[in-house]
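Student: You'll find start_8.txt just under this line, and it carries compact mmCIF, C-alpha atoms.
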```
# COMPACT_ATOMS: atom_id res chain seq x y z
CA MET U 321 30.69 13.77 -14.07
CA GLU U 322 28.26 13.12 -16.93
CA HIS U 323 30.83 11.07 -18.90
CA LEU U 324 31.67 9.00 -15.82
CA LEU U 325 27.99 8.41 -15.04
CA GLU U 326 27.34 7.32 -18.61
CA LYS U 327 30.17 4.77 -18.49
CA ILE U 328 29.22 3.40 -15.07
CA THR U 329 25.57 3.11 -16.12
CA ARG U 330 26.50 1.24 -19.30
CA LEU U 331 28.66 -1.21 -17.35
CA GLU U 332 25.93 -1.75 -14.77
CA ILE U 333 23.41 -2.67 -17.45
CA GLU U 334 25.96 -4.89 -19.22
CA HIS U 335 26.94 -6.89 -16.14
CA ASP U 336 23.69 -6.93 -14.13
CA GLY U 337 21.28 -8.16 -16.80
CA LEU U 338 19.95 -11.72 -16.65
CA ASP U 339 19.68 -14.33 -19.38
CA PRO U 340 16.24 -16.02 -19.06
CA ALA U 341 17.84 -19.33 -20.05
CA LEU U 342 20.21 -19.07 -17.08
CA VAL U 343 17.31 -18.40 -14.72
CA LYS U 344 15.52 -21.49 -16.00
CA ARG U 345 18.63 -23.67 -15.89
CA LYS U 346 19.43 -22.68 -12.31
CA ASN U 347 15.74 -23.02 -11.31
CA VAL U 348 15.86 -19.60 -9.66
CA LYS U 349 12.57 -18.25 -8.29
CA LEU U 350 12.96 -14.62 -9.34
CA GLY U 351 10.91 -12.29 -7.18
CA LEU U 352 10.28 -15.29 -4.91
CA ARG U 353 7.70 -16.42 -7.46
CA ASN U 354 7.11 -19.94 -8.75
CA VAL U 355 6.84 -20.56 -12.49
CA ASN U 356 3.03 -20.38 -12.31
CA GLY U 357 3.24 -16.93 -10.68
CA SER U 358 2.34 -18.05 -7.17
CA GLY U 359 4.53 -16.93 -4.29
CA VAL U 360 7.27 -19.08 -2.81
CA VAL U 361 6.24 -20.00 0.74
CA ALA U 362 8.78 -18.22 2.94
CA GLY U 363 7.09 -18.03 6.33
CA ILE U 364 4.05 -18.57 8.51
CA THR U 365 1.69 -15.89 9.74
CA SER U 366 -1.59 -15.67 11.60
CA LYS U 367 -2.15 -12.04 10.63
CA GLY U 368 -3.52 -12.07 7.10
CA GLN U 369 -4.62 -14.79 4.71
CA VAL U 370 -5.25 -14.08 1.05
CA LYS U 371 -7.14 -16.71 -0.96
CA GLY U 372 -7.46 -16.62 -4.72
CA TYR U 373 -7.10 -20.32 -5.51
CA GLU U 374 -8.27 -23.70 -4.26
CA ARG U 375 -6.77 -27.11 -4.93
CA ASN U 376 -9.01 -29.48 -6.90
CA ALA U 377 -9.05 -33.29 -6.70
CA ARG U 378 -6.09 -33.48 -9.09
CA GLY U 379 -3.96 -31.22 -6.90
CA ASN U 380 -4.13 -28.28 -9.31
CA ASN U 381 -4.79 -24.69 -8.24
CA VAL U 382 -8.17 -23.49 -9.50
CA PRO U 383 -9.01 -19.74 -9.40
CA VAL U 384 -11.90 -18.88 -7.06
CA PRO U 385 -13.52 -15.63 -5.92
CA GLY U 386 -11.03 -13.88 -3.66
CA LYS U 387 -11.23 -13.91 0.12
CA LEU U 388 -9.25 -11.90 2.67
CA TYR U 389 -9.00 -12.81 6.34
CA TYR U 390 -7.57 -10.82 9.23
CA CYS U 391 -6.44 -13.22 11.97
CA GLY U 392 -9.00 -15.72 10.67
CA TYR U 393 -11.88 -13.24 10.39
CA ASP U 394 -13.36 -12.53 6.95
CA VAL U 395 -12.81 -8.84 6.16
CA GLU U 396 -16.28 -8.75 4.60
CA ASP U 397 -17.76 -9.74 7.98
CA ILE U 398 -15.67 -7.12 9.75
CA VAL U 399 -16.94 -4.36 7.45
CA ARG U 400 -20.52 -5.63 7.58
CA ASN U 401 -20.59 -5.67 11.38
CA VAL U 402 -18.93 -2.28 11.71
CA GLU U 403 -21.50 -0.82 9.33
CA SER U 404 -24.47 -2.47 11.01
CA GLY U 405 -23.36 -1.02 14.33
CA LYS U 406 -22.81 2.39 12.70
CA ARG U 407 -19.33 2.38 14.21
CA PHE U 408 -15.84 3.23 13.01
CA GLY U 409 -13.78 0.08 12.57
CA PHE U 410 -10.13 0.91 11.87
CA GLU U 411 -9.24 1.00 15.57
CA GLU U 412 -10.87 -2.41 16.11
CA THR U 413 -9.02 -3.76 13.08
CA ALA U 414 -5.67 -2.51 14.35
CA TYR U 415 -6.31 -4.13 17.76
CA LEU U 416 -7.26 -7.41 16.06
CA LEU U 417 -4.11 -7.43 13.94
CA LEU U 418 -1.84 -6.70 16.89
CA THR U 419 -3.41 -9.22 19.28
CA GLY U 420 -5.07 -11.85 17.12
CA GLU U 421 -8.36 -11.33 18.96
CA LEU U 422 -11.35 -9.04 18.60
CA PRO U 423 -11.51 -6.53 21.47
CA ASP U 424 -14.41 -6.45 23.89
CA ALA U 425 -16.07 -3.09 24.51
CA ASP U 426 -13.76 -2.12 27.38
CA ASP U 427 -10.57 -3.08 25.55
CA LEU U 428 -11.67 -1.25 22.40
CA LYS U 429 -12.46 1.85 24.42
CA ALA U 430 -9.07 1.72 26.16
CA PHE U 431 -7.18 1.11 22.90
CA THR U 432 -9.02 3.93 21.11
CA ARG U 433 -8.32 6.26 24.02
CA GLU U 434 -4.61 5.34 23.85
CA LEU U 435 -4.45 6.11 20.13
CA ASP U 436 -6.21 9.41 20.77
CA ALA U 437 -3.68 10.37 23.45
CA ARG U 438 -0.70 9.57 21.22
CA ARG U 439 -1.68 11.46 18.04
CA SER U 440 0.23 14.66 18.73
CA LEU U 441 3.88 15.00 17.73
CA PRO U 442 6.71 16.35 19.90
CA GLU U 443 7.22 20.06 19.22
CA GLN U 444 10.80 19.43 18.06
CA ALA U 445 9.49 16.93 15.50
CA MET U 446 6.97 19.53 14.32
CA ASN U 447 9.82 21.97 13.81
CA ILE U 448 11.67 19.44 11.65
CA ILE U 449 8.55 18.88 9.53
CA ARG U 450 8.33 22.65 9.03
CA ILE U 451 11.79 22.76 7.43
CA THR U 452 11.52 23.90 3.81
CA SER U 453 11.77 20.98 1.38
CA GLU U 454 13.56 20.93 -1.98
CA ASN U 455 10.81 18.70 -3.39
CA ASP U 456 7.16 17.75 -2.86
CA ASP U 457 7.64 14.01 -2.28
CA GLN U 458 5.11 13.14 0.44
CA MET U 459 6.36 9.58 0.93
CA GLY U 460 9.93 10.80 1.33
CA ALA U 461 8.70 13.29 3.92
CA LEU U 462 6.81 10.53 5.77
CA HIS U 463 9.93 8.37 5.81
CA ALA U 464 12.00 11.25 7.20
CA ALA U 465 9.44 12.05 9.90
CA VAL U 466 9.19 8.45 11.10
CA SER U 467 12.97 8.21 11.36
CA VAL U 468 13.00 11.49 13.33
CA LEU U 469 10.64 10.00 15.96
CA HIS U 470 13.50 7.64 16.84
CA LYS U 471 15.16 10.65 18.49
CA PHE U 472 12.25 11.17 20.89
CA ASP U 473 12.10 7.63 22.27
CA ASN U 474 14.09 7.03 25.45
CA ASN U 475 14.52 3.35 24.59
CA PRO U 476 14.33 3.20 20.77
CA LYS U 477 16.39 0.07 20.14
CA SER U 478 14.58 -2.23 22.54
CA VAL U 479 13.13 -5.40 21.02
CA ASP U 480 11.26 -6.32 24.18
CA ILE U 481 7.72 -7.01 22.97
CA ARG U 482 6.24 -4.57 25.50
CA ASP U 483 8.44 -1.74 24.16
CA VAL U 484 7.88 -2.70 20.53
CA THR U 485 4.11 -2.79 21.07
CA ARG U 486 4.22 0.66 22.67
CA GLN U 487 6.21 2.00 19.71
CA CYS U 488 3.86 0.41 17.17
CA ILE U 489 0.74 1.83 18.83
CA ASP U 490 2.47 5.20 18.91
CA LEU U 491 3.21 5.05 15.17
CA ILE U 492 -0.32 3.89 14.27
CA ALA U 493 -1.59 6.93 16.17
CA LYS U 494 0.92 9.40 14.73
CA PHE U 495 0.93 8.45 11.03
CA PRO U 496 -2.25 10.48 10.22
CA THR U 497 -0.81 13.52 12.02
CA ILE U 498 2.54 13.27 10.24
CA ILE U 499 0.88 12.93 6.82
CA ALA U 500 -1.51 15.83 7.40
CA HIS U 501 1.27 18.10 8.71
CA ASN U 502 3.61 17.21 5.85
CA TYR U 503 0.89 18.07 3.37
CA LYS U 504 0.19 21.45 4.99
CA VAL U 505 3.85 22.42 4.56
CA MET U 506 4.49 20.85 1.13
CA ARG U 507 1.19 21.42 -0.68
CA PRO U 508 1.01 24.07 -3.43
CA GLY U 509 1.19 27.39 -1.62
CA GLY U 510 2.38 25.75 1.57
CA HIS U 511 5.51 26.85 3.39
CA ALA U 512 7.45 26.43 6.62
CA GLY U 513 5.14 28.87 8.37
CA SER U 514 1.90 27.18 7.30
CA PRO U 515 -0.44 26.66 10.28
CA MET U 516 -0.65 23.10 11.55
CA VAL U 517 -4.05 21.72 12.48
CA ARG U 518 -3.73 19.86 15.76
CA PRO U 519 -5.38 16.43 16.09
CA LYS U 520 -8.99 16.51 17.27
CA SER U 521 -9.62 14.56 20.43
CA GLY U 522 -12.51 12.16 20.92
CA VAL U 523 -13.04 11.19 17.28
CA SER U 524 -12.05 8.21 15.14
CA THR U 525 -8.86 7.93 13.10
CA ALA U 526 -10.84 8.52 9.90
CA GLU U 527 -12.64 11.57 11.27
CA ASN U 528 -9.45 13.01 12.72
CA PHE U 529 -7.45 12.76 9.50
CA LEU U 530 -10.15 14.37 7.37
CA TYR U 531 -10.51 17.08 10.03
CA MET U 532 -6.76 17.85 9.97
CA LEU U 533 -6.86 18.19 6.18
CA ASP U 534 -9.86 20.51 5.98
CA CYS U 535 -9.92 22.17 9.43
CA ASP U 536 -13.53 21.05 9.67
CA VAL U 537 -15.40 18.03 11.04
CA PRO U 538 -16.21 15.82 8.03
CA GLU U 539 -19.68 14.60 7.10
CA ASP U 540 -20.52 11.32 8.79
CA SER U 541 -20.96 9.45 5.48
CA ALA U 542 -17.57 10.63 4.19
CA ALA U 543 -15.78 9.65 7.38
CA HIS U 544 -17.40 6.19 7.39
CA LEU U 545 -16.39 5.52 3.78
CA PHE U 546 -12.83 6.62 4.55
CA ASP U 547 -12.83 4.35 7.61
CA ILE U 548 -13.82 1.38 5.44
CA ALA U 549 -10.98 2.20 3.03
CA LEU U 550 -8.56 2.17 5.98
CA ILE U 551 -9.89 -1.22 7.11
CA LEU U 552 -9.49 -2.71 3.63
CA HIS U 553 -5.88 -1.51 3.25
CA ALA U 554 -4.71 -2.39 6.77
CA GLU U 555 -3.31 -5.84 6.00
CA HIS U 556 -2.78 -8.23 3.10
CA GLY U 557 -0.68 -11.15 4.28
CA GLY U 558 3.07 -11.41 4.75
CA GLY U 559 3.98 -11.71 1.09
CA ASN U 560 3.24 -8.22 -0.20
CA ASN U 561 6.46 -6.32 -0.78
CA SER U 562 6.25 -3.75 2.00
CA THR U 563 5.14 -6.22 4.68
CA PHE U 564 7.79 -8.74 3.65
CA THR U 565 10.32 -5.90 3.80
CA VAL U 566 9.23 -5.03 7.34
CA ARG U 567 9.47 -8.69 8.34
CA THR U 568 12.90 -9.10 6.73
CA VAL U 569 14.30 -6.02 8.45
CA SER U 570 12.62 -6.92 11.75
CA SER U 571 14.17 -10.40 11.64
CA SER U 572 17.59 -8.80 12.13
CA LEU U 573 16.25 -7.33 15.40
CA THR U 574 16.64 -3.76 14.26
CA ASP U 575 14.48 -1.16 15.98
CA THR U 576 10.82 -0.39 15.24
CA TYR U 577 11.48 2.95 13.56
CA MET U 578 14.00 1.46 11.13
CA ALA U 579 11.64 -1.42 10.32
CA ILE U 580 8.61 0.80 9.66
CA CYS U 581 10.75 3.18 7.59
CA ALA U 582 11.67 0.17 5.46
CA GLY U 583 7.96 -0.49 4.88
CA VAL U 584 7.43 3.14 3.87
CA ALA U 585 10.38 2.91 1.47
CA SER U 586 8.94 -0.19 -0.17
CA LEU U 587 5.45 1.26 -0.48
CA ALA U 588 6.89 4.37 -2.15
CA GLY U 589 8.04 2.24 -5.09
CA HIS U 590 6.13 2.53 -8.37
CA LEU U 591 5.31 -1.20 -8.46
CA HIS U 592 3.64 -1.26 -5.04
CA GLY U 593 1.95 1.75 -3.51
CA GLY U 594 1.07 4.14 -6.31
CA ALA U 595 -1.56 2.12 -8.13
CA ASN U 596 -4.60 4.22 -7.22
CA GLU U 597 -2.82 7.41 -8.25
CA ALA U 598 -1.81 5.71 -11.52
CA VAL U 599 -5.47 4.73 -12.10
CA MET U 600 -6.55 8.34 -11.65
CA ASN U 601 -3.92 9.56 -14.11
CA MET U 602 -4.93 6.87 -16.61
CA MET U 603 -8.59 7.78 -16.35
CA GLU U 604 -7.83 11.47 -16.86
CA ASP U 605 -5.87 10.58 -19.99
CA LEU U 606 -8.78 8.40 -21.14
CA LYS U 607 -11.26 11.26 -20.66
CA THR U 608 -9.07 13.44 -22.84
CA ASN U 609 -8.75 10.90 -25.65
CA VAL U 610 -12.16 9.18 -25.65
CA ARG U 611 -14.98 11.39 -26.90
CA ASP U 612 -17.94 9.14 -26.11
CA TRP U 613 -17.68 7.43 -22.70
CA ASN U 614 -20.67 5.23 -23.59
CA ASP U 615 -19.08 3.83 -26.75
CA ASP U 616 -17.58 0.43 -25.92
CA ASP U 617 -15.75 0.26 -29.24
CA GLU U 618 -14.00 3.58 -28.66
CA LEU U 619 -13.13 2.64 -25.08
CA ASN U 620 -11.85 -0.74 -26.23
CA ARG U 621 -9.58 0.87 -28.83
CA TYR U 622 -8.10 3.12 -26.16
CA LEU U 623 -7.51 0.24 -23.74
CA GLU U 624 -5.97 -1.85 -26.49
CA GLY U 625 -3.68 1.09 -27.23
CA ILE U 626 -2.58 1.07 -23.59
CA LEU U 627 -1.68 -2.63 -23.79
CA ASP U 628 0.20 -1.91 -27.03
CA ARG U 629 2.19 0.86 -25.24
CA LYS U 630 0.71 3.61 -27.42
CA PHE U 631 -1.38 5.53 -24.86
CA ASN U 632 -1.16 6.95 -21.35
CA ASP U 633 2.36 6.42 -19.90
CA ARG U 634 3.22 3.72 -22.50
CA SER U 635 3.92 1.17 -19.76
CA GLY U 636 1.59 -1.38 -21.34
CA LYS U 637 -0.40 -1.60 -18.09
CA ILE U 638 -4.08 -0.98 -17.48
CA TYR U 639 -3.72 0.22 -13.92
CA GLY U 640 -6.02 -1.16 -11.26
CA MET U 641 -6.43 -4.42 -13.18
CA GLY U 642 -4.95 -7.70 -12.05
CA HIS U 643 -3.41 -8.97 -8.83
CA ALA U 644 -0.71 -11.45 -7.81
CA VAL U 645 -3.25 -13.67 -6.01
CA TYR U 646 -6.78 -12.61 -7.00
CA THR U 647 -7.88 -13.49 -10.53
CA VAL U 648 -11.66 -13.95 -10.25
CA SER U 649 -12.39 -11.10 -7.84
CA ASP U 650 -10.76 -8.91 -5.19
CA PRO U 651 -13.06 -8.87 -2.13
CA ARG U 652 -11.84 -5.39 -1.17
CA GLU U 653 -12.82 -4.03 -4.59
CA ILE U 654 -16.31 -5.50 -4.28
CA ILE U 655 -16.85 -3.81 -0.92
CA LEU U 656 -15.39 -0.48 -1.99
CA LYS U 657 -17.18 -0.38 -5.32
CA GLU U 658 -20.57 -0.51 -3.60
CA LYS U 659 -19.65 2.40 -1.32
CA VAL U 660 -18.16 4.42 -4.17
CA SER U 661 -21.34 4.07 -6.25
CA LYS U 662 -23.38 5.64 -3.44
CA LEU U 663 -20.86 8.44 -2.96
CA ALA U 664 -20.76 9.11 -6.72
CA GLU U 665 -24.55 9.43 -6.76
CA LYS U 666 -24.42 11.87 -3.85
CA CYS U 667 -21.65 13.91 -5.50
CA GLY U 668 -23.33 14.00 -8.91
CA ARG U 669 -20.56 11.94 -10.51
CA LEU U 670 -22.43 8.79 -11.50
CA ASP U 671 -21.36 9.25 -15.13
CA GLU U 672 -17.73 8.88 -14.05
CA PHE U 673 -18.56 5.87 -11.90
CA HIS U 674 -20.26 4.16 -14.84
CA LEU U 675 -17.18 4.93 -16.94
CA TYR U 676 -15.04 3.11 -14.37
CA GLU U 677 -17.43 0.16 -14.53
CA ARG U 678 -17.20 0.00 -18.34
CA VAL U 679 -13.42 0.23 -18.31
CA ALA U 680 -13.21 -2.61 -15.77
CA ARG U 681 -15.56 -4.84 -17.78
CA LEU U 682 -13.76 -4.22 -21.07
CA ALA U 683 -10.28 -4.48 -19.57
CA VAL U 684 -10.97 -7.92 -18.08
CA ARG U 685 -12.06 -9.22 -21.48
CA LEU U 686 -9.22 -7.52 -23.35
CA ILE U 687 -6.48 -8.79 -21.05
CA LYS U 688 -7.84 -12.33 -21.42
CA THR U 689 -7.96 -12.00 -25.23
CA LYS U 690 -4.58 -10.33 -25.78
CA LYS U 691 -2.52 -11.82 -22.97
CA GLY U 692 -4.35 -15.03 -22.12
CA LYS U 693 -4.53 -14.03 -18.46
CA ASN U 694 -7.41 -13.92 -16.04
CA ALA U 695 -7.59 -10.52 -14.38
CA CYS U 696 -10.02 -8.64 -12.19
CA PRO U 697 -10.18 -5.06 -10.94
CA ASN U 698 -8.34 -4.68 -7.64
CA VAL U 699 -9.03 -2.42 -4.67
CA ASP U 700 -6.96 0.41 -6.13
CA PHE U 701 -9.19 0.67 -9.21
CA TYR U 702 -11.84 2.54 -7.22
CA SER U 703 -9.97 3.82 -4.13
CA GLY U 704 -8.41 6.81 -5.89
CA PHE U 705 -11.79 7.84 -7.27
CA ALA U 706 -13.24 7.56 -3.75
CA TYR U 707 -10.49 9.74 -2.27
CA ASN U 708 -10.92 12.27 -5.06
CA MET U 709 -14.63 12.60 -4.30
CA LEU U 710 -13.75 13.10 -0.63
CA GLY U 711 -11.55 16.02 -1.66
CA ILE U 712 -8.29 14.30 -0.78
CA PRO U 713 -5.32 15.46 -2.93
CA THR U 714 -3.80 12.86 -5.25
CA GLU U 715 -0.35 13.19 -3.71
CA LEU U 716 -1.74 11.81 -0.44
CA PHE U 717 -3.11 8.57 -1.91
CA THR U 718 0.02 6.51 -1.20
CA PRO U 719 0.69 8.08 2.24
CA ILE U 720 -2.90 7.15 3.16
CA PHE U 721 -2.10 3.58 2.13
CA ALA U 722 0.83 3.72 4.59
CA MET U 723 -1.41 5.28 7.26
CA SER U 724 -3.62 2.20 7.06
CA ARG U 725 -0.98 -0.47 6.41
CA VAL U 726 1.19 0.58 9.36
CA ALA U 727 -1.25 -1.47 11.46
CA GLY U 728 -0.42 -4.58 9.44
CA TRP U 729 3.29 -3.78 9.36
CA SER U 730 3.30 -3.44 13.13
CA ALA U 731 1.51 -6.75 13.61
CA HIS U 732 3.95 -8.55 11.31
CA ARG U 733 6.97 -6.93 12.98
CA ILE U 734 5.84 -8.22 16.36
CA GLU U 735 5.11 -11.68 14.94
CA GLU U 736 8.55 -11.81 13.30
CA ILE U 737 10.31 -10.90 16.54
CA VAL U 738 8.33 -13.52 18.46
CA GLN U 739 9.18 -16.18 15.85
CA GLY U 740 12.83 -15.15 15.96
CA ARG U 741 14.52 -16.38 12.78
CA LEU U 742 16.84 -14.21 10.64
CA ILE U 743 15.60 -14.13 7.03
CA ARG U 744 18.47 -14.97 4.71
CA PRO U 745 17.65 -16.40 1.25
CA SER U 746 20.32 -17.70 -1.11
CA TYR U 747 21.47 -16.26 -4.44
CA VAL U 748 23.35 -18.13 -7.17
CA SER U 749 26.07 -16.54 -9.27
CA SER U 750 25.39 -15.49 -12.87
CA LEU U 751 29.11 -15.83 -13.69
CA ASP U 752 30.55 -18.93 -15.35
CA ASP U 753 34.09 -18.31 -14.15
CA THR U 754 36.29 -16.39 -11.75
CA TYR U 755 38.96 -13.88 -12.76
CA ASP U 756 42.60 -13.18 -11.91
CA TYR U 757 43.09 -9.73 -10.45
CA VAL U 758 44.84 -7.35 -12.90
CA PRO U 759 47.13 -4.74 -11.35
CA LEU U 760 46.05 -1.15 -11.97
CA GLU U 761 49.04 -0.30 -14.16
CA LYS U 762 48.25 -3.20 -16.54
CA ARG U 763 44.55 -2.41 -17.14
```
Take the structure I supplied and represent it as structure tokens, if you would.

Tutor:
Amino acid sequence: MEHLLEKITRLEIEHDGLDPALVKRKNVKLGLRNVNGSGVVAGITSKGQVKGYERNARGNNVPVPGKLYYCGYDVEDIVRNVESGKRFGFEETAYLLLTGELPDADDLKAFTRELDARRSLPEQAMNIIRITSENDDQMGALHAAVSVLHKFDNNPKSVDIRDVTRQCIDLIAKFPTIIAHNYKVMRPGGHAGSPMVRPKSGVSTAENFLYMLDCDVPEDSAAHLFDIALILHAEHGGGNNSTFTVRTVSSSLTDTYMAICAGVASLAGHLHGGANEAVMNMMEDLKTNVRDWNDDDELNRYLEGILDRKFNDRSGKIYGMGHAVYTVSDPREIILKEKVSKLAEKCGRLDEFHLYERVARLAVRLIKTKKGKNACPNVDFYSGFAYNMLGIPTELFTPIFAMSRVAGWSAHRIEEIVQGRLIRPSYVSSLDDTYDYVPLEKR
């Protein structure tokens, strides 16, 4: 088997590689990106709008401070109003994304009550989650659990918007329960017989998830910070990989469970959902290799070593820095950074917070100097640190992203079905010629 695998792998690399000159000659937009790095416009959505550029009088794109809108509402205003009312806002955000409108008090109460009622899993699904796993992959376990829920729907393949909406609300409600239950079974020391903490009724999504992890009602300040993190990760336009994947799969009119599983699969990829975990790992490596956290020169040498593929995982990436759209600032990072600073002070970890600040400041300058690119810290630069201070295990960082983003995925799935057009881009051939088939005995 090993010899065969080696040969097949060699042939795959030989035949599947691309010549950059061919890409340029054919004018192919690899990754659906234009030459300047902007995304190819492939659809229309009312759900999320991401702004990082504005056109000047000459028609050129000029970088501006980033803005994020949910159905036309500035996410900064959403967070500000939720905080001023001392409310939890993820449920309101999910309703907004699904409907395009902010709920009134009665609708919000009804929607929140519906989520509350749908949090529990069927007992048979719980039994499947309890099955001993050969690995500790939380995203794989989430994917498996979502696909299992297909078996407990009496009309799973319906694409009637009423049925799809019911299924989406059900998944938004159940994702926190699935993730918490998976962790109880798969965490270090966990096993098939580990006790499951049932969802707590009458509390917010943020409070409920933290309760299921710790078997205790969380502090109000911790739950509110976690709620804000859920709001900020709930949606980011149709072009991010997982949302575009959900839209592409939904355009074929497959069922809701298949479509959301596709989003989970995309988010599990190293280039999409694991950034905050990668930031945490990078910062731990930095703490090991940098003696004086206050020494800019020493920090700069370490960061330069990362870009030169000498330190950390040798990927050449300073994780948490840069974004496909934002170059001046990520509005989500600005909001989260303020909350994280207060939490760090409360937890006695301000020295670490200031280290994050220094790394961000130096990395922006270094990336500009060495690569000629404008970069800014993104939301994932601080989110992992926030979760860590809340006592959330690192292996749950990406599942939590999915727990939040399933609201956006659901909204985009519904929008795609309503718009009703199968997504089918075109590919050009990399071959210059065709071949005559050679009979087996003559090869």

Student: Considering all atoms listed in the file, can you say which of U:Asn620, U:Ser724, U:Glu658, U:Arg733 comes closest to Arg678 of chain U?

Tutor: U:Asn620

Student: Grab the atom CA of Ser730 of chain U to atom CA of Ser478 of chain U distance for me, in Å with one decimal place.

Tutor: 14.7 Å

Student: List the spatial neighbours of segment 551-560 of chain U as a short mmCIF file (atom, residue, chain, number, x, y, z; two decimals) with C-alpha atoms, keeping the file's coordinate frame - criterion: any atom at most 9 Å away, all atoms listed in the file, same-chain residues fewer than 3 positions off excluded.

Tutor:
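The result, stored in around-v8.cif:
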```cif
data_model
loop_
_atom_site.label_atom_id
_atom_site.label_comp_id
_atom_site.auth_asym_id
_atom_site.auth_seq_id
_atom_site.Cartn_x
_atom_site.Cartn_y
_atom_site.Cartn_z
CA GLY U 359 4.53 -16.93 -4.29
CA VAL U 360 7.27 -19.08 -2.81
CA VAL U 361 6.24 -20.00 0.74
CA ALA U 362 8.78 -18.22 2.94
CA GLY U 363 7.09 -18.03 6.33
CA ILE U 364 4.05 -18.57 8.51
CA THR U 365 1.69 -15.89 9.74
CA SER U 366 -1.59 -15.67 11.60
CA LYS U 367 -2.15 -12.04 10.63
CA GLY U 368 -3.52 -12.07 7.10
CA GLN U 369 -4.62 -14.79 4.71
CA VAL U 370 -5.25 -14.08 1.05
CA LEU U 388 -9.25 -11.90 2.67
CA TYR U 389 -9.00 -12.81 6.34
CA TYR U 390 -7.57 -10.82 9.23
CA VAL U 395 -12.81 -8.84 6.16
CA ILE U 398 -15.67 -7.12 9.75
CA VAL U 399 -16.94 -4.36 7.45
CA GLY U 409 -13.78 0.08 12.57
CA PHE U 410 -10.13 0.91 11.87
CA GLU U 411 -9.24 1.00 15.57
CA THR U 413 -9.02 -3.76 13.08
CA ALA U 414 -5.67 -2.51 14.35
CA LEU U 417 -4.11 -7.43 13.94
CA PHE U 546 -12.83 6.62 4.55
CA ASP U 547 -12.83 4.35 7.61
CA ILE U 548 -13.82 1.38 5.44
CA THR U 563 5.14 -6.22 4.68
CA PHE U 564 7.79 -8.74 3.65
CA THR U 565 10.32 -5.90 3.80
CA ARG U 567 9.47 -8.69 8.34
CA HIS U 592 3.64 -1.26 -5.04
CA ARG U 652 -11.84 -5.39 -1.17
CA GLU U 653 -12.82 -4.03 -4.59
CA ILE U 655 -16.85 -3.81 -0.92
CA LEU U 656 -15.39 -0.48 -1.99
CA VAL U 699 -9.03 -2.42 -4.67
CA PHE U 721 -2.10 3.58 2.13
CA ALA U 722 0.83 3.72 4.59
CA MET U 723 -1.41 5.28 7.26
CA SER U 724 -3.62 2.20 7.06
CA ARG U 725 -0.98 -0.47 6.41
CA VAL U 726 1.19 0.58 9.36
CA ALA U 727 -1.25 -1.47 11.46
CA GLY U 728 -0.42 -4.58 9.44
CA TRP U 729 3.29 -3.78 9.36
CA HIS U 732 3.95 -8.55 11.31
#
```

Student: Applying 10 Å and all atoms listed in the file, which residues near Val684 of chain U remain after dropping the ones on its own chain fewer than 2 positions away? List them as a PyMOL selection string.

Tutor: chain U and resi 638+641-642+647-648+679-682+686-689+693-697

Student: If you measure from atom CA of Leu591 of chain U to atom CA of Arg629 of chain U, what distance in Å do you get, rounded to one decimal?

Tutor: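 Atom-to-atom, atom CA of Leu591 of chain U and atom CA of Arg629 of chain U are spaced 17.2 Å apart.
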
Student: Kindly complete segment 682-691 of chain U to N, CA and C atoms; the output should be written as a PDB file, in the coordinates of the input.

Tutor:
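Just written: part_6.pdb:
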```pdb
ATOM      1  N   LEU U 682     -14.466  -4.053 -19.798  1.00  0.00           N
ATOM      2  CA  LEU U 682     -13.760  -4.220 -21.070  1.00  0.00           C
ATOM      3  C   LEU U 682     -12.323  -4.663 -20.866  1.00  0.00           C
ATOM      4  N   ALA U 683     -11.683  -4.146 -19.820  1.00  0.00           N
ATOM      5  CA  ALA U 683     -10.280  -4.480 -19.570  1.00  0.00           C
ATOM      6  C   ALA U 683     -10.116  -5.957 -19.227  1.00  0.00           C
ATOM      7  N   VAL U 684     -11.032  -6.496 -18.427  1.00  0.00           N
ATOM      8  CA  VAL U 684     -10.970  -7.920 -18.080  1.00  0.00           C
ATOM      9  C   VAL U 684     -11.004  -8.775 -19.339  1.00  0.00           C
ATOM     10  N   ARG U 685     -11.924  -8.453 -20.242  1.00  0.00           N
ATOM     11  CA  ARG U 685     -12.060  -9.220 -21.480  1.00  0.00           C
ATOM     12  C   ARG U 685     -10.843  -9.051 -22.380  1.00  0.00           C
ATOM     13  N   LEU U 686     -10.335  -7.815 -22.461  1.00  0.00           N
ATOM     14  CA  LEU U 686      -9.220  -7.520 -23.350  1.00  0.00           C
ATOM     15  C   LEU U 686      -7.929  -8.189 -22.879  1.00  0.00           C
ATOM     16  N   ILE U 687      -7.685  -8.164 -21.591  1.00  0.00           N
ATOM     17  CA  ILE U 687      -6.480  -8.790 -21.050  1.00  0.00           C
ATOM     18  C   ILE U 687      -6.516 -10.305 -21.285  1.00  0.00           C
ATOM     19  N   LYS U 688      -7.699 -10.898 -21.160  1.00  0.00           N
ATOM     20  CA  LYS U 688      -7.840 -12.330 -21.420  1.00  0.00           C
ATOM     21  C   LYS U 688      -7.574 -12.626 -22.905  1.00  0.00           C
ATOM     22  N   THR U 689      -8.108 -11.770 -23.794  1.00  0.00           N
ATOM     23  CA  THR U 689      -7.960 -12.000 -25.230  1.00  0.00           C
ATOM     24  C   THR U 689      -6.524 -11.782 -25.699  1.00  0.00           C
ATOM     25  N   LYS U 690      -5.907 -10.695 -25.267  1.00  0.00           N
ATOM     26  CA  LYS U 690      -4.580 -10.330 -25.780  1.00  0.00           C
ATOM     27  C   LYS U 690      -3.437 -11.021 -25.041  1.00  0.00           C
ATOM     28  N   LYS U 691      -3.615 -11.280 -23.749  1.00  0.00           N
ATOM     29  CA  LYS U 691      -2.520 -11.820 -22.970  1.00  0.00           C
ATOM     30  C   LYS U 691      -2.780 -13.231 -22.437  1.00  0.00           C
TER      31      LYS U 691
END
```
